[in-house]
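Enquirer: Sharing a structure, written as structure tokens. Questions coming.
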Amino acid sequence: MPRQSGMADREPCPWRIVDDVGGAFCMGNIGGGIWHSIKGARMAPAGARFAGALSSVQARAPVLGGQFAVWGGLFACCDCSLTAIRQKEDPWNSIISGAATGGVLAARAGPRAMASAALVGGVLLALIEGMGIMFTKMTAPPSPDDMLAQQAMDPTAPPTAGGLFPSIAGPGTSNPLNTAPPPPLPSESDSFLGTDTTFTTESSSSPSESQSGWWPFGSQSA
């Protein structure tokens, strides 16, 4: 029988009835004790407030606990019956069981009261189940897919593609900004106008000029 993760910690169906009856009785006793202790202390005369609170708790708290136990036992019976009929456990079992329990407990008051109590019980159990699912999802650890999605959307993650605009090129396409090779660097032999210039250490002056020296009007000896 398939189970959801939030219901995996519940008791199996034969023992779930006893568990729900005991838990509901304890809840009713504790809540009724707190409520009737305050109410009994307020209604008691001055000087006997503690005795009045204690007397009210002893008289009314077990009654409220018994009412809660009846509700819990009937709810567990409906839940187990729906589980056996539908052959699965999901929130719809609890919602339908809450509506059926409210309707059965109000059956003595007439069909209108029965329908109203069934509607209140179904809505109440729907709210409880919805809150439980929400808290389960909030407290559950993230799945591997969610972790990968968060890492992909993280702006502080290191880039996986080079260039100033890595998003232009997809995973299966080439980036048009990176297809052209970079231009070659100019060598030392290239001139400003693009012509080659060679340098030599040989003197380009003629022998007569080397003999005449630096004087432009002829030989210095003349």
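Residue numbering restarts at 1 in every chain; chains get A, B, ... in the order shown in the structure tokens, and ligands count up from 1 in that same order.
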Please tabulate, as CSV, the residues of stretch 51-142 of chain A that come within 6 Å of stretch 19-28 of chain A, each with its closest pair of atoms and the distance in Å to one decimal, counting only C-alpha atoms and ordering rows by chain, then residue number upward.
Expert:
residue,atom,partner,partner_atom,distance
A:Leu64,CA,A:Gly28,CA,5.5
A:Gly65,CA,A:Gly28,CA,3.8
A:Gly66,CA,A:Phe25,CA,5.9
A:Phe68,CA,A:Ala24,CA,5.2
A:Ala69,CA,A:Phe25,CA,4.6
A:Gly72,CA,A:Val21,CA,5.2
A:Gly73,CA,A:Val21,CA,4.9
Enquirer: Please identify the alpha helix (DSSP H) residues within stretch 6-137 of chain A (assignment by DSSP from backbone atoms) and present them as a ChimeraX atom specification.
Expert: /A:13-43,49-86,91-105,111-137
Enquirer: Could the residues in this selection be written to a file with C-alpha atoms, as a compact mmCIF listing (two decimals), in the first residue's frame?
Expert:
# COMPACT_ATOMS: atom_id res chain seq x y z
CA CYS A 13 -4.45 0.61 11.07
CA PRO A 14 -5.51 -1.83 13.82
CA TRP A 15 -3.35 -0.04 16.37
CA ARG A 16 -4.01 3.44 15.03
CA ILE A 17 -7.47 3.46 16.61
CA VAL A 18 -6.06 2.84 20.09
CA ASP A 19 -3.31 5.38 19.52
CA ASP A 20 -5.75 8.08 18.38
CA VAL A 21 -8.16 7.39 21.22
CA GLY A 22 -5.41 7.67 23.84
CA GLY A 23 -3.88 10.78 22.28
CA ALA A 24 -7.25 12.52 21.99
CA PHE A 25 -8.14 11.66 25.60
CA CYS A 26 -4.86 13.09 26.88
CA MET A 27 -5.26 16.21 24.74
CA GLY A 28 -8.80 16.76 26.00
CA ASN A 29 -7.76 16.26 29.62
CA ILE A 30 -4.85 18.70 29.37
CA GLY A 31 -6.80 21.35 27.49
CA GLY A 32 -9.87 20.91 29.67
CA GLY A 33 -7.76 21.10 32.82
CA ILE A 34 -6.26 24.42 31.77
CA TRP A 35 -9.58 25.87 30.65
CA HIS A 36 -11.66 24.73 33.63
CA SER A 37 -9.00 25.68 36.15
CA ILE A 38 -9.14 29.29 34.95
CA LYS A 39 -12.92 29.23 34.73
CA GLY A 40 -13.32 27.62 38.19
CA ALA A 41 -10.96 30.12 39.78
CA ARG A 42 -12.91 33.03 38.31
CA MET A 43 -16.27 31.63 39.38
CA ARG A 49 -10.23 30.20 44.27
CA PHE A 50 -7.72 27.36 44.38
CA ALA A 51 -10.32 24.94 45.76
CA GLY A 52 -12.86 26.10 43.18
CA ALA A 53 -10.36 25.66 40.31
CA LEU A 54 -9.41 22.17 41.55
CA SER A 55 -13.05 21.13 41.91
CA SER A 56 -13.90 22.37 38.41
CA VAL A 57 -10.96 20.52 36.88
CA GLN A 58 -11.91 17.28 38.61
CA ALA A 59 -15.52 17.54 37.48
CA ARG A 60 -15.22 18.77 33.89
CA ALA A 61 -11.77 17.90 32.50
CA PRO A 62 -12.42 14.12 32.24
CA VAL A 63 -15.70 14.81 30.45
CA LEU A 64 -13.95 16.90 27.82
CA GLY A 65 -11.24 14.24 27.55
CA GLY A 66 -13.92 11.58 26.94
CA GLN A 67 -15.51 13.71 24.20
CA PHE A 68 -12.16 14.10 22.52
CA ALA A 69 -11.56 10.34 22.82
CA VAL A 70 -14.90 9.58 21.14
CA TRP A 71 -14.08 11.97 18.31
CA GLY A 72 -10.57 10.50 17.88
CA GLY A 73 -11.80 6.91 17.93
CA LEU A 74 -14.54 7.55 15.37
CA PHE A 75 -12.11 9.47 13.18
CA ALA A 76 -9.57 6.62 13.33
CA CYS A 77 -12.25 4.06 12.42
CA CYS A 78 -13.32 6.08 9.38
CA ASP A 79 -9.69 6.60 8.37
CA CYS A 80 -8.89 2.89 8.58
CA SER A 81 -12.04 2.02 6.64
CA LEU A 82 -11.16 4.46 3.84
CA THR A 83 -7.60 3.14 3.77
CA ALA A 84 -8.87 -0.42 3.31
CA ILE A 85 -11.37 0.63 0.62
CA ARG A 86 -9.11 2.94 -1.41
CA PRO A 91 -4.73 13.55 2.81
CA TRP A 92 -8.12 12.80 1.25
CA ASN A 93 -8.64 9.99 3.75
CA SER A 94 -8.25 12.39 6.67
CA ILE A 95 -10.48 15.05 5.09
CA ILE A 96 -13.30 12.59 4.34
CA SER A 97 -12.91 10.99 7.78
CA GLY A 98 -13.18 14.40 9.48
CA ALA A 99 -16.35 15.20 7.56
CA ALA A 100 -17.85 11.78 8.33
CA THR A 101 -16.96 12.05 12.03
CA GLY A 102 -18.55 15.48 12.38
CA GLY A 103 -21.67 14.30 10.59
CA VAL A 104 -22.05 11.13 12.66
CA LEU A 105 -21.60 12.95 15.99
CA PRO A 111 -29.95 16.52 8.85
CA ARG A 112 -29.17 20.23 8.74
CA ALA A 113 -26.95 20.12 11.80
CA MET A 114 -25.39 16.93 10.50
CA ALA A 115 -24.47 18.56 7.16
CA SER A 116 -23.14 21.66 8.92
CA ALA A 117 -20.97 19.60 11.30
CA ALA A 118 -19.70 17.48 8.39
CA LEU A 119 -18.71 20.62 6.47
CA VAL A 120 -16.92 22.07 9.49
CA GLY A 121 -15.09 18.80 10.13
CA GLY A 122 -13.97 18.47 6.51
CA VAL A 123 -12.75 22.06 6.28
CA LEU A 124 -10.93 21.77 9.62
CA LEU A 125 -9.13 18.59 8.58
CA ALA A 126 -8.30 20.11 5.18
CA LEU A 127 -6.64 23.07 6.91
CA ILE A 128 -4.72 20.75 9.25
CA GLU A 129 -3.52 18.55 6.38
CA GLY A 130 -2.55 21.59 4.28
CA MET A 131 -0.52 23.10 7.11
CA GLY A 132 1.17 19.76 7.70
CA ILE A 133 2.16 19.42 4.03
CA MET A 134 3.43 23.00 3.95
CA PHE A 135 5.61 22.55 7.05
CA THR A 136 6.90 19.24 5.70
CA LYS A 137 8.00 20.89 2.45
Enquirer: In Å, rounded to a single decimal, give me how far atom CA of A:Glu89 is from atom CA of A:Pro141.
Expert: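 Here the two named atoms are 22.9 Å from each other.
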Enquirer: Using Å and a single decimal, report how far atom CA of A:Pro142 sits from atom CA of A:Glu11.
Expert: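 One can read the atom CA of A:Glu11 to atom CA of A:Pro142 distance as 27.1 Å.
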